[in-house]
Each structure stands twice: as C-alpha cells, then as structure tokens.
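What follows is the content of query.txt (compact mmCIF, C-alpha atoms).
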# COMPACT_ATOMS: atom_id res chain seq x y z
CA MET A 1 55.01 72.79 -53.37
CA PRO A 2 52.11 74.47 -55.24
CA GLU A 3 48.91 75.16 -53.37
CA ILE A 4 46.30 72.38 -53.53
CA VAL A 5 42.63 73.30 -53.19
CA VAL A 6 40.60 70.60 -51.44
CA GLY A 7 36.82 70.58 -50.99
CA VAL A 8 35.51 68.89 -47.85
CA THR A 9 31.91 68.05 -46.92
CA GLY A 10 30.48 67.08 -43.52
CA ILE A 11 31.70 70.25 -41.83
CA ASN A 12 28.94 70.48 -39.23
CA SER A 13 30.76 69.91 -35.95
CA SER A 14 27.72 69.71 -33.68
CA ASP A 15 26.74 67.21 -30.96
CA ASN A 16 26.74 64.63 -33.77
CA PRO A 17 29.81 65.90 -35.62
CA GLY A 18 30.61 65.19 -39.22
CA PRO A 19 34.20 64.28 -40.11
CA GLY A 20 34.81 67.37 -42.27
CA VAL A 21 36.35 69.69 -39.68
CA GLY A 22 38.75 66.95 -38.55
CA VAL A 23 39.68 66.30 -42.18
CA ALA A 24 40.23 70.03 -42.81
CA ARG A 25 42.34 70.40 -39.68
CA SER A 26 44.45 67.42 -40.73
CA LEU A 27 45.03 68.91 -44.18
CA LYS A 28 46.05 72.24 -42.68
CA GLU A 29 48.59 70.46 -40.47
CA ALA A 30 50.05 68.31 -43.26
CA ARG A 31 53.78 69.00 -43.22
CA ASP A 32 54.49 68.50 -46.92
CA LEU A 33 51.32 69.95 -48.41
CA ASP A 34 50.13 73.52 -48.90
CA VAL A 35 46.35 73.07 -48.76
CA ARG A 36 43.56 75.61 -49.11
CA VAL A 37 40.38 74.04 -47.75
CA ILE A 38 36.98 74.73 -49.28
CA GLY A 39 34.07 73.84 -47.01
CA LEU A 40 31.11 72.31 -48.86
CA ALA A 41 28.03 72.81 -46.69
CA TYR A 42 24.34 72.02 -47.05
CA ASP A 43 23.25 74.74 -44.66
CA ALA A 44 24.51 78.16 -43.59
CA MET A 45 24.58 77.02 -39.96
CA GLU A 46 27.16 74.25 -40.47
CA THR A 47 29.76 75.19 -37.89
CA GLY A 48 32.84 74.62 -40.03
CA ILE A 49 31.90 77.63 -42.18
CA TYR A 50 32.85 79.87 -39.25
CA LEU A 51 36.18 78.18 -38.43
CA ASP A 52 38.26 80.33 -40.77
CA TRP A 53 41.57 79.02 -39.43
CA VAL A 54 40.83 75.54 -40.81
CA ILE A 55 38.35 76.25 -43.62
CA ASP A 56 39.38 79.08 -45.93
CA ARG A 57 36.17 79.49 -47.95
CA SER A 58 32.77 77.84 -47.89
CA PHE A 59 30.06 77.17 -50.44
CA ILE A 60 26.54 75.82 -50.13
CA ILE A 61 26.05 72.67 -52.22
CA PRO A 62 22.72 71.07 -53.20
CA TYR A 63 21.23 68.22 -51.19
CA ALA A 64 21.59 64.72 -52.61
CA SER A 65 17.89 64.78 -53.54
CA ALA A 66 18.67 67.40 -56.21
CA GLY A 67 20.58 64.71 -58.11
CA PRO A 68 24.07 64.34 -59.57
CA GLY A 69 23.60 67.01 -62.26
CA ALA A 70 23.00 69.79 -59.72
CA LEU A 71 25.99 68.74 -57.65
CA LEU A 72 28.26 68.56 -60.68
CA GLU A 73 27.15 71.99 -61.85
CA ARG A 74 27.79 73.50 -58.41
CA LEU A 75 31.27 71.92 -58.15
CA ARG A 76 32.10 73.22 -61.65
CA TYR A 77 31.16 76.71 -60.47
CA ILE A 78 33.25 76.39 -57.30
CA LYS A 79 36.19 75.21 -59.41
CA SER A 80 35.79 78.28 -61.63
CA VAL A 81 35.81 80.80 -58.78
CA ALA A 82 37.96 79.18 -56.11
CA GLY A 83 39.87 76.41 -57.80
CA LEU A 84 39.20 72.82 -56.76
CA ASP A 85 41.77 70.06 -57.23
CA PHE A 86 40.29 67.37 -55.02
CA VAL A 87 37.07 66.64 -53.14
CA ILE A 88 36.67 64.53 -50.00
CA PRO A 89 32.99 63.62 -49.42
CA CYS A 90 32.69 62.77 -45.72
CA LEU A 91 29.06 61.64 -45.36
CA ASP A 92 27.71 58.17 -46.18
CA ILE A 93 24.62 59.45 -47.94
CA GLU A 94 26.53 61.51 -50.52
CA LEU A 95 29.03 58.82 -51.52
CA PRO A 96 26.81 57.12 -54.14
CA LEU A 97 26.21 60.53 -55.72
CA PHE A 98 29.91 61.38 -55.86
CA THR A 99 30.76 58.00 -57.37
CA ARG A 100 28.21 58.68 -60.12
CA ILE A 101 29.93 61.94 -61.10
CA GLU A 102 33.48 60.74 -60.44
CA GLN A 103 34.43 60.57 -64.13
CA ALA A 104 32.80 63.89 -64.96
CA LEU A 105 34.65 65.52 -62.07
CA ALA A 106 37.92 64.03 -63.29
CA GLN A 107 37.30 65.58 -66.71
CA GLU A 108 36.92 68.94 -64.97
CA GLY A 109 40.25 68.43 -63.20
CA ILE A 110 38.64 67.62 -59.85
CA ALA A 111 40.08 64.39 -58.42
CA THR A 112 38.42 62.04 -55.92
CA PHE A 113 39.52 58.84 -54.21
CA LEU A 114 36.41 56.84 -53.50
CA PRO A 115 35.32 53.23 -53.08
CA THR A 116 33.60 51.80 -56.14
CA PRO A 117 29.79 51.40 -56.02
CA LYS A 118 30.33 47.64 -55.56
CA GLN A 119 32.70 48.27 -52.64
CA PHE A 120 30.31 50.82 -51.16
CA LYS A 121 27.52 48.22 -51.02
CA LEU A 122 29.80 45.82 -49.11
CA ARG A 123 29.75 47.98 -46.03
CA GLY A 124 25.93 47.69 -45.83
CA LYS A 125 24.80 46.31 -42.50
CA ASP A 126 22.92 43.58 -44.37
CA ARG A 127 26.20 42.49 -46.05
CA LEU A 128 28.30 42.06 -42.90
CA VAL A 129 27.11 38.45 -42.73
CA GLU A 130 29.36 37.73 -45.71
CA VAL A 131 32.13 40.28 -44.99
CA ALA A 132 32.87 39.26 -41.37
CA PRO A 133 33.96 35.68 -42.16
CA ALA A 134 35.91 36.86 -45.21
CA ILE A 135 38.08 39.06 -43.00
CA GLU A 136 38.12 36.51 -40.16
CA LEU A 137 36.09 38.48 -37.63
CA SER A 138 33.15 37.15 -35.67
CA LEU A 139 29.69 38.55 -36.14
CA PRO A 140 27.13 38.69 -33.33
CA LYS A 141 24.26 36.31 -34.17
CA THR A 142 22.39 38.27 -36.83
CA ARG A 143 19.26 37.90 -38.92
CA VAL A 144 18.38 40.08 -41.88
CA VAL A 145 14.59 40.33 -42.20
CA SER A 146 12.37 41.62 -44.95
CA SER A 147 8.88 40.85 -43.62
CA VAL A 148 6.93 40.40 -40.40
CA ASP A 149 7.09 36.63 -40.94
CA ASP A 150 10.89 36.88 -41.10
CA LEU A 151 10.82 38.94 -37.91
CA ASN A 152 8.79 36.30 -36.08
CA ALA A 153 11.13 33.57 -37.25
CA ALA A 154 14.21 35.57 -36.28
CA MET A 155 12.96 36.24 -32.77
CA LYS A 156 12.60 32.51 -32.19
CA GLU A 157 16.24 32.00 -33.12
CA LEU A 158 17.81 34.98 -31.33
CA THR A 159 18.32 35.69 -27.63
CA PHE A 160 17.20 39.01 -26.15
CA PRO A 161 18.28 41.76 -25.76
CA LEU A 162 18.64 42.59 -29.45
CA VAL A 163 19.80 45.54 -31.50
CA VAL A 164 17.42 46.46 -34.32
CA LYS A 165 19.11 48.34 -37.17
CA GLY A 166 18.08 49.88 -40.44
CA THR A 167 20.40 49.88 -43.42
CA HIS A 168 21.51 53.49 -42.88
CA TYR A 169 21.69 55.30 -39.56
CA ASN A 170 20.42 54.56 -36.10
CA ALA A 171 20.00 51.43 -33.99
CA LEU A 172 17.48 50.62 -31.28
CA ARG A 173 17.61 48.17 -28.39
CA ALA A 174 14.80 45.70 -27.78
CA TYR A 175 14.50 43.72 -24.57
CA THR A 176 11.15 42.05 -25.30
CA THR A 177 9.19 40.74 -28.27
CA GLN A 178 6.86 43.73 -28.12
CA GLU A 179 9.80 46.15 -28.11
CA ALA A 180 11.31 44.30 -31.05
CA PHE A 181 8.07 44.82 -33.03
CA ASP A 182 8.03 48.52 -32.11
CA CYS A 183 11.71 48.94 -33.12
CA PHE A 184 11.09 46.99 -36.33
CA HIS A 185 8.26 49.30 -37.41
CA SER A 186 10.18 52.42 -36.37
CA MET A 187 13.20 51.34 -38.44
CA LEU A 188 10.99 50.32 -41.35
CA ALA A 189 9.49 53.83 -41.42
CA GLN A 190 12.97 55.38 -41.39
CA SER A 191 14.86 53.31 -43.92
CA GLY A 192 12.66 50.54 -45.33
CA TYR A 193 13.71 46.90 -45.75
CA PRO A 194 15.84 45.07 -44.91
CA ILE A 195 15.93 45.34 -41.12
CA ILE A 196 18.81 43.80 -39.21
CA LEU A 197 18.32 42.06 -35.86
CA GLN A 198 21.44 41.31 -33.91
CA GLU A 199 22.22 39.82 -30.49
CA ILE A 200 24.12 42.15 -28.15
CA VAL A 201 27.66 41.05 -27.34
CA LYS A 202 29.76 42.24 -24.42
CA GLY A 203 33.29 43.54 -24.62
CA GLU A 204 35.40 46.59 -25.29
CA GLU A 205 34.23 48.92 -28.07
CA LEU A 206 37.20 49.29 -30.41
CA ASN A 207 37.32 51.29 -33.62
CA MET A 208 39.86 51.53 -36.37
CA ILE A 209 40.45 54.08 -39.10
CA ALA A 210 42.37 53.03 -42.19
CA LEU A 211 43.02 54.05 -45.76
CA GLY A 212 43.13 51.51 -48.59
CA ASP A 213 45.06 52.22 -51.78
CA GLY A 214 42.57 50.38 -54.01
CA GLU A 215 45.16 47.75 -54.93
CA GLY A 216 45.04 45.72 -51.74
CA GLY A 217 47.52 47.83 -49.78
CA CYS A 218 47.22 50.04 -46.71
CA LEU A 219 48.22 53.70 -46.58
CA GLY A 220 47.93 53.93 -42.80
CA GLN A 221 45.77 52.89 -39.84
CA VAL A 222 45.07 53.78 -36.20
CA GLY A 223 43.06 51.85 -33.62
CA MET A 224 41.35 53.31 -30.58
CA LYS A 225 38.98 52.43 -27.78
CA LYS A 226 36.03 54.65 -26.93
CA ILE A 227 36.35 55.41 -23.21
CA SER A 228 33.17 57.47 -23.01
CA THR A 229 30.43 58.37 -25.45
CA THR A 230 27.55 60.81 -25.75
CA SER A 231 23.93 59.75 -25.29
CA ILE A 232 23.79 58.89 -29.01
CA GLY A 233 26.98 56.83 -28.88
CA LYS A 234 29.43 59.35 -30.33
CA ILE A 235 32.95 59.32 -28.94
CA TRP A 236 33.74 61.83 -26.21
CA THR A 237 37.00 60.40 -24.89
CA GLY A 238 39.17 57.66 -26.34
CA VAL A 239 42.60 56.08 -26.20
CA THR A 240 44.83 54.64 -28.92
CA VAL A 241 45.20 50.86 -28.91
CA ARG A 242 46.83 48.24 -31.04
CA ASN A 243 44.58 45.19 -31.18
CA GLN A 244 46.18 42.65 -33.49
CA PRO A 245 43.04 40.69 -34.50
CA MET A 246 41.37 43.98 -35.50
CA ILE A 247 44.46 45.19 -37.37
CA ASP A 248 44.73 41.87 -39.22
CA ALA A 249 41.04 42.09 -40.16
CA ALA A 250 41.45 45.61 -41.53
CA TYR A 251 44.41 44.54 -43.68
CA ARG A 252 42.42 41.56 -44.95
CA PHE A 253 39.50 43.85 -45.76
CA MET A 254 41.76 46.08 -47.87
CA GLU A 255 43.41 43.09 -49.51
CA VAL A 256 40.34 40.93 -50.19
CA TYR A 257 38.10 43.75 -51.42
CA ARG A 258 40.86 46.04 -52.75
CA TRP A 259 39.23 48.84 -50.80
CA ARG A 260 39.85 52.31 -52.21
CA GLY A 261 39.67 55.19 -49.77
CA ALA A 262 39.07 55.73 -46.09
CA PHE A 263 36.99 53.48 -43.87
CA GLU A 264 36.25 52.79 -40.23
CA LEU A 265 35.81 49.40 -38.62
CA GLU A 266 33.61 49.33 -35.53
CA CYS A 267 34.29 46.25 -33.44
CA ILE A 268 33.70 44.77 -29.99
CA ALA A 269 36.59 42.79 -28.50
CA ASP A 270 35.84 40.12 -25.92
CA GLY A 271 39.23 38.64 -25.11
CA GLU A 272 40.66 37.10 -28.26
CA LYS A 273 37.29 37.21 -30.00
CA VAL A 274 36.64 40.36 -32.03
CA TYR A 275 33.14 41.02 -33.39
CA LEU A 276 32.47 43.17 -36.41
CA ILE A 277 29.68 45.66 -35.70
CA GLU A 278 29.85 48.10 -38.59
CA ILE A 279 31.97 49.34 -41.50
CA ASN A 280 31.78 53.03 -42.38
CA PRO A 281 33.00 53.83 -45.93
CA ARG A 282 34.60 57.19 -45.10
CA PHE A 283 36.67 59.03 -42.53
CA PRO A 284 35.09 58.92 -39.06
CA ALA A 285 34.49 62.13 -37.06
CA TRP A 286 37.50 61.30 -34.86
CA VAL A 287 39.88 61.37 -37.87
CA TYR A 288 41.93 64.17 -36.31
CA PHE A 289 42.85 61.83 -33.44
CA ALA A 290 44.83 59.73 -35.94
CA THR A 291 46.48 62.85 -37.36
CA ALA A 292 47.46 64.09 -33.91
CA VAL A 293 49.18 60.79 -33.08
CA GLY A 294 51.19 60.97 -36.30
CA VAL A 295 49.03 59.25 -38.94
CA ASN A 296 47.65 61.95 -41.24
CA LEU A 297 45.28 59.99 -43.48
CA PRO A 298 43.56 62.98 -45.16
CA ALA A 299 47.02 64.14 -46.28
CA ALA A 300 47.79 60.60 -47.48
CA ILE A 301 44.59 60.42 -49.54
CA VAL A 302 45.43 63.73 -51.24
CA ARG A 303 48.99 62.63 -51.98
CA THR A 304 47.79 59.32 -53.42
CA ALA A 305 44.96 60.75 -55.51
CA LEU A 306 47.08 63.52 -56.99
CA GLY A 307 50.02 61.20 -57.69
CA LEU A 308 52.39 63.02 -55.35
CA PRO A 309 55.43 61.10 -54.06
CA PRO A 310 54.15 58.60 -51.47
CA VAL A 311 55.10 58.82 -47.81
CA ALA A 312 55.60 55.54 -45.92
CA PRO A 313 52.73 54.85 -43.50
CA GLU A 314 53.50 56.23 -40.06
CA THR A 315 53.14 54.29 -36.85
CA TYR A 316 51.66 55.58 -33.60
CA GLU A 317 51.96 55.19 -29.85
CA THR A 318 49.35 53.34 -27.83
CA GLY A 319 47.99 55.07 -24.74
CA ARG A 320 47.43 58.49 -26.37
CA LEU A 321 44.29 60.11 -25.01
CA TYR A 322 41.58 61.84 -27.05
CA VAL A 323 39.31 64.38 -25.37
CA ARG A 324 36.52 66.06 -27.30
CA HIS A 325 35.33 69.36 -25.87
CA THR A 326 32.92 72.12 -26.74
CA GLU A 327 33.95 75.69 -27.41
CA GLU A 328 32.02 78.85 -28.18
CA LEU A 329 32.82 81.02 -31.17
CA ILE A 330 31.60 84.60 -31.34
CA THR A 331 31.66 86.45 -34.64
CA ASP A 332 29.62 89.03 -36.54
CA LEU A 333 26.86 88.18 -38.99
CA THR A 334 28.88 88.86 -42.14
CA THR A 335 29.75 85.25 -42.96
CA PHE A 336 26.26 83.99 -42.16
CA GLN A 337 24.79 86.81 -44.25
CA LYS A 338 26.95 85.90 -47.26
CA MET A 339 26.14 82.20 -46.96
CA VAL A 340 22.41 82.89 -46.78
CA THR A 341 22.26 85.44 -49.58
CA ARG A 342 25.01 84.28 -51.96
CA GLY A 343 25.62 80.67 -50.92
CA GLU A 344 29.32 81.34 -50.48
CA ASN A 345 31.74 83.43 -48.50
CA MET B 1 49.41 34.73 -19.21
CA SER B 2 49.49 36.47 -22.62
CA ARG B 3 47.27 39.43 -21.73
CA LEU B 4 49.13 40.06 -18.48
CA ARG B 5 52.41 40.25 -20.40
CA GLN B 6 51.21 43.13 -22.54
CA ILE B 7 49.84 45.24 -19.66
CA LEU B 8 52.01 48.26 -18.88
CA VAL B 9 52.31 49.05 -15.17
CA HIS B 10 53.60 52.50 -14.23
CA ASN B 11 55.33 53.38 -10.97
CA ASP B 12 52.26 55.20 -9.69
CA GLY B 13 50.14 52.06 -10.00
CA PHE B 14 48.41 53.01 -13.26
CA ALA B 15 48.10 49.96 -15.51
CA PHE B 16 47.09 50.09 -19.20
CA ASP B 17 46.28 47.35 -21.67
CA PRO B 18 47.32 48.67 -25.13
CA THR B 19 45.30 46.02 -26.97
CA THR B 20 41.92 46.83 -25.43
CA GLY B 21 42.44 50.35 -24.04
CA GLU B 22 41.35 49.27 -20.57
CA SER B 23 43.07 50.95 -17.64
CA PHE B 24 43.31 49.90 -14.00
CA THR B 25 44.77 51.28 -10.82
CA CYS B 26 46.64 49.03 -8.46
CA ASN B 27 48.46 49.50 -5.17
CA SER B 28 52.17 48.89 -4.72
CA THR B 29 51.67 45.26 -3.67
CA ALA B 30 49.57 44.54 -6.77
CA ALA B 31 52.07 46.29 -9.06
CA PHE B 32 54.88 44.26 -7.45
CA ILE B 33 53.01 40.99 -8.06
CA ILE B 34 52.08 41.89 -11.66
CA ASN B 35 55.65 42.77 -12.57
CA LEU B 36 56.94 39.48 -11.15
CA LEU B 37 54.24 37.45 -12.92
CA LYS B 38 55.11 39.25 -16.17
CA SER B 39 58.70 38.13 -15.74
CA GLU B 40 57.52 34.48 -15.83
CA LYS B 41 57.90 33.85 -12.08
CA SER B 42 55.63 31.16 -10.66
CA PRO B 43 53.08 32.12 -7.97
CA GLN B 44 55.26 30.35 -5.40
CA GLU B 45 58.32 32.38 -6.44
CA VAL B 46 56.26 35.58 -6.39
CA SER B 47 55.06 34.75 -2.90
CA LEU B 48 58.62 34.24 -1.63
CA GLU B 49 59.77 37.56 -3.10
CA LEU B 50 56.71 39.34 -1.75
CA ALA B 51 57.36 38.01 1.78
CA ASP B 52 60.95 39.16 1.55
CA ALA B 53 60.23 42.62 0.10
CA PHE B 54 57.27 43.53 2.33
CA ASP B 55 58.49 41.75 5.48
CA VAL B 56 55.38 39.57 5.89
CA THR B 57 55.00 35.89 6.74
CA GLY B 58 55.05 33.31 3.97
CA GLN B 59 51.45 32.43 4.79
CA ASP B 60 50.29 36.07 4.40
CA ALA B 61 52.25 36.43 1.17
CA ASP B 62 50.74 33.19 -0.21
CA HIS B 63 47.27 34.43 0.67
CA ASP B 64 47.82 37.83 -0.99
CA VAL B 65 49.35 36.38 -4.15
CA PHE B 66 46.71 33.70 -4.72
CA ASP B 67 43.89 36.09 -3.86
CA PHE B 68 45.24 38.63 -6.33
CA ILE B 69 45.69 36.00 -9.06
CA TYR B 70 42.04 35.04 -8.51
CA HIS B 71 41.07 38.69 -9.15
CA LEU B 72 43.21 38.79 -12.28
CA ARG B 73 41.34 35.72 -13.55
CA ILE B 74 38.00 37.40 -12.94
CA LEU B 75 39.22 40.34 -15.04
CA ASN B 76 40.39 37.91 -17.76
CA ILE B 77 43.90 39.27 -17.41
CA ILE B 78 45.34 35.87 -16.57
CA GLU B 79 44.22 32.40 -17.68
For this file, write the structure as structure tokens.
Amino acid sequence: MPEIVVGVTGINSSDNPGPGVGVARSLKEARDLDVRVIGLAYDAMETGIYLDWVIDRSFIIPYASAGPGALLERLRYIKSVAGLDFVIPCLDIELPLFTRIEQALAQEGIATFLPTPKQFKLRGKDRLVEVAPAIELSLPKTRVVSSVDDLNAAMKELTFPLVVKGTHYNALRAYTTQEAFDCFHSMLAQSGYPIILQEIVKGEELNMIALGDGEGGCLGQVGMKKISTTSIGKIWTGVTVRNQPMIDAAYRFMEVYRWRGAFELECIADGEKVYLIEINPRFPAWVYFATAVGVNLPAAIVRTALGLPPVAPETYETGRLYVRHTEELITDLTTFQKMVTRGEN
Amino acid sequence: MSRLRQILVHNDGFAFDPTTGESFTCNSTAAFIINLLKSEKSPQEVSLELADAFDVTGQDADHDVFDFIYHLRILNIIE
C-alpha cells in the first residue's frame, strides 16, 4: 500500500477542541492505510502541531477571510513540498471555501469528499424546520425570526424557557421576555439574521456520527450519549448507544439528501420521541470515539474518495465508555519557532 | 415493557439502557425483579418467586414488587 498524504484542519485540541486531532489519530490507526498526516493550522499555537506522533508535518494556512485564491495557492505549495493527496476540512466555517475550490484542487491531484453547497445549506439551523419532518424526527417548537416584530410574535407563541440561536455557533438560554430580547440582540451582533427561537425539551442528549457516500448509502455510523459536558456543552464523558429512531433518521438523511461526507446529528430522546437539535456537516470532535470502538470513518472517507477497495461498514458495541482528559506536553521552542517564522515545520 | 426488555442488568447490580445510555444501580432484590419481569413473568408470578427466593411473606413480596414497579414507571422504564 503506497503512502497517502492527508491534510487535516481543525487541529486545535483545546477546551473547545476541533475534530482534527481525532481525525489524524484515526488515520494513523487505520489498519489498511499508510497515512502521513499534514496538519493545516491557522495559528502557531494550535496544539496538534506539537503532537508529532499523530501529525507528521504542519503548515499555516490563510484564514477564510483571505478568500479561496489564497487557500488554493497555499495548498498548491504544500502539495509541492510535502505531497498532498486528500484534504479533510474539519471546521464548519471553512467548508464553503473548500467547496468553491474543490474542482481546482482535483485538477492539482488533491481529492476532497465534501457535501455540495446545496447540502451544506440544509444543515443550517434555520432549515431544520424542513429537514426534521423529512427524516421523521421531531423538532422542538421553533420560530425563525428576522425582525423585532417577528420576535414579539414568536414569544407569544412559544413557552419559556427558550434557546436563542444564531445561524452559526453559540446558543443562549432565555427564561423571560427581557432575557429573550437581550439574547436576540447578542446573537444578532454575532451572526446577523435569521435568529432561531426554540422551546427547550427534556430528555437524553444523544449524538450520532455518520458518513454518507453521496449516493444515498451509509459508510458507517456510531451513536453515543453525552454523560457529562464542559461548561460550554462539549463532551467530557460519553457512552455508545444504539437508538433505533435516531439511526433510522440518519439513514433517511443520507438517503433523502444523498449526503456526501461526514456529519453529526445532535438529538434529544424523550422515550420514543427523538428531537432533532442540530446537524453538523463534518466530523465531530469526538470522532476518535467511533474509531476506538471499531468504526474508523476518517479511514473510510479516504478509501472512498481515492477509489480504494471499499470495506464493509463495521458495527460496534453499546456500553463503551469515552473519557476525555487533559495532558501536558513539554517540548523545546523549535517547532513553534519554525511555525512562526516559516509557517511550516 | 419494551424499554425494560432492552435494559442489561449485570450481576453487581449495574443496569444499562443501550438505547439511551442511561445507567442505574439496583440492589439484588431489584435485579431479581427486573430479570423476572424481562422474562415476561406477571407481577403476581414475580411476587411468588421473590417470596420463595428471599424467604419473605407473600404480603411483603407483593408490597416490594408493586412498589418497585411503581418506581420503574416513574423512570419510564415500564409502561
């Protein structure tokens, strides 16, 4: 098996970790692949740069605000000095950019396996109103508002407490009308219209990672329950589960929308009723959990994108425990120095 | 009864629901009752077996079984 060089973004494994280190670790552990991982970082302090047992080399890449041309040029350079067969963008914000240069990258011999721009828009929080019924999941009572008048009308129809969400990151809780106004303006300043107001539902917080083949099929999936989370809601401990309504919904999502690439379903299960909370169009930060229980989805995406012989989707045991922990790494300044001065190491 | 059927009860009293990820701990009496209910025994049959196995009166066994079933209903484990 020849060596495959894979670029991975989102390699900052901080208190709000990106998925990149988990993706890199999965690729390194892939039984049938010989992968050299290139870390693609936006900053010299992204922690994955220093984890040389999972990320072989790292390069600074331009922020999305620099535009697709700058990114393409940088990836061309990385290809010329380190080889680059495949890139896995792991952050929501960079996906539209990568889809814009997908064809140009392919011409350079750099493969990707991404949702289409139309598919990407589907996962928008303002689109879940149409997606949830299509995949037969419930949606907490939701209103999408684009003005203060809409907000007033929505608050008459919804029952407090509410979650107030922007279209990108972050969500705030509002227990009163005044708090809802405050949250609305805070979200508006962060991400603009529309703003989503949603009633809070009770139940178990279940998540699912899956990989769609772009033709309606599934290349693997794992479900888990978050047992404990950090103060910003990131998983700290979890356990694998198999919740049939959620699994069925994920398969329908891949079939109905012919989803191409990785995604995460965030749900709340209250008995037989499963609510759809969010769809993330990429690997989640807990992707290595799936790998460790036998479902290596980063390896599967590489195999599929590069046309390697497919491996049948693996199954997994329920009741496997995930524990995130912190660890200190002590090293000299050489790597940091190279990243700061040359943008690569 | 469907959710009860899928709950896995270990010998040490640790119970796990693989569909929701919830876990519970139960004492030996509770584990005994759960395992009998999972095997489709009626509450009356469970009570008889409990009285026999733990050497208690039928009245005490009835009380324990029905009280425990009430708790299972509160937890939405049994309908």
With 12 Å as the limit and counting all atoms listed in the file, what residues in chain A lie close to chain B? Please list them as an mmCIF file with C-alpha atoms, in the frame of the given file.
data_model
loop_
_atom_site.group_PDB
_atom_site.id
_atom_site.type_symbol
_atom_site.label_atom_id
_atom_site.label_comp_id
_atom_site.auth_asym_id
_atom_site.auth_seq_id
_atom_site.Cartn_x
_atom_site.Cartn_y
_atom_site.Cartn_z
ATOM 1 C CA GLY A 203 33.290 43.540 -24.620
ATOM 2 C CA GLU A 204 35.400 46.590 -25.290
ATOM 3 C CA GLU A 205 34.230 48.920 -28.070
ATOM 4 C CA LEU A 206 37.200 49.290 -30.410
ATOM 5 C CA ASN A 207 37.320 51.290 -33.620
ATOM 6 C CA GLY A 223 43.060 51.850 -33.620
ATOM 7 C CA MET A 224 41.350 53.310 -30.580
ATOM 8 C CA LYS A 225 38.980 52.430 -27.780
ATOM 9 C CA LYS A 226 36.030 54.650 -26.930
ATOM 10 C CA ILE A 227 36.350 55.410 -23.210
ATOM 11 C CA SER A 228 33.170 57.470 -23.010
ATOM 12 C CA THR A 237 37.000 60.400 -24.890
ATOM 13 C CA GLY A 238 39.170 57.660 -26.340
ATOM 14 C CA VAL A 239 42.600 56.080 -26.200
ATOM 15 C CA THR A 240 44.830 54.640 -28.920
ATOM 16 C CA VAL A 241 45.200 50.860 -28.910
ATOM 17 C CA ARG A 242 46.830 48.240 -31.040
ATOM 18 C CA ASN A 243 44.580 45.190 -31.180
ATOM 19 C CA GLN A 244 46.180 42.650 -33.490
ATOM 20 C CA PRO A 245 43.040 40.690 -34.500
ATOM 21 C CA MET A 246 41.370 43.980 -35.500
ATOM 22 C CA ILE A 247 44.460 45.190 -37.370
ATOM 23 C CA CYS A 267 34.290 46.250 -33.440
ATOM 24 C CA ILE A 268 33.700 44.770 -29.990
ATOM 25 C CA ALA A 269 36.590 42.790 -28.500
ATOM 26 C CA ASP A 270 35.840 40.120 -25.920
ATOM 27 C CA GLY A 271 39.230 38.640 -25.110
ATOM 28 C CA GLU A 272 40.660 37.100 -28.260
ATOM 29 C CA LYS A 273 37.290 37.210 -30.000
ATOM 30 C CA VAL A 274 36.640 40.360 -32.030
ATOM 31 C CA TYR A 316 51.660 55.580 -33.600
ATOM 32 C CA GLU A 317 51.960 55.190 -29.850
ATOM 33 C CA THR A 318 49.350 53.340 -27.830
ATOM 34 C CA GLY A 319 47.990 55.070 -24.740
ATOM 35 C CA ARG A 320 47.430 58.490 -26.370
ATOM 36 C CA LEU A 321 44.290 60.110 -25.010
ATOM 37 C CA TYR A 322 41.580 61.840 -27.050
#
What is the CA of Ala53 (chain B) to CA of Ile74 (chain B) distance in Å?
->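 The value is 26.3 Å.
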Just how far from CA of Thr142 (chain A) is CA of Ala154 (chain A), in Å to one decimal?
-> 8.6 Å
Excluding Gln59 (chain B) and residues on its chain fewer than 6 positions from it, collect all residues at most 12 Å away from it, counting only C-alpha atoms, and give them as a list in words.
-> Gln44, Ser47, Leu48, Leu50, Ala51, Val65 and Phe66 of chain B
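From CA of Asp64 (chain B) back to CA of Ile33 (chain B), the distance works out to 9.3 Å.
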Taking (38.1, 52.2, -42.9) in the file's own coordinates, collect the residues within 8 Å, counting all atoms listed in the file, and hand them back as a PDB file with C-alpha atoms, in the coordinates of the input.
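That gives us out.pdb:
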ATOM      1  CA  MET A 208      39.860  51.530 -36.370  1.00  0.00           C
ATOM      2  CA  ILE A 209      40.450  54.080 -39.100  1.00  0.00           C
ATOM      3  CA  ALA A 210      42.370  53.030 -42.190  1.00  0.00           C
ATOM      4  CA  LEU A 211      43.020  54.050 -45.760  1.00  0.00           C
ATOM      5  CA  GLY A 212      43.130  51.510 -48.590  1.00  0.00           C
ATOM      6  CA  ALA A 250      41.450  45.610 -41.530  1.00  0.00           C
ATOM      7  CA  GLY A 261      39.670  55.190 -49.770  1.00  0.00           C
ATOM      8  CA  ALA A 262      39.070  55.730 -46.090  1.00  0.00           C
ATOM      9  CA  PHE A 263      36.990  53.480 -43.870  1.00  0.00           C
ATOM     10  CA  GLU A 264      36.250  52.790 -40.230  1.00  0.00           C
ATOM     11  CA  LEU A 265      35.810  49.400 -38.620  1.00  0.00           C
ATOM     12  CA  ILE A 279      31.970  49.340 -41.500  1.00  0.00           C
ATOM     13  CA  ASN A 280      31.780  53.030 -42.380  1.00  0.00           C
ATOM     14  CA  PRO A 281      33.000  53.830 -45.930  1.00  0.00           C
ATOM     15  CA  ARG A 282      34.600  57.190 -45.100  1.00  0.00           C
ATOM     16  CA  PHE A 283      36.670  59.030 -42.530  1.00  0.00           C
TER      17      PHE A 283
END
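Checking A:Ala41, A:Val23, A:Ile277, A:Ala180 one by one against Lys125 (chain A), counting all atoms listed in the file, you find the shortest gap at A:Ile277.
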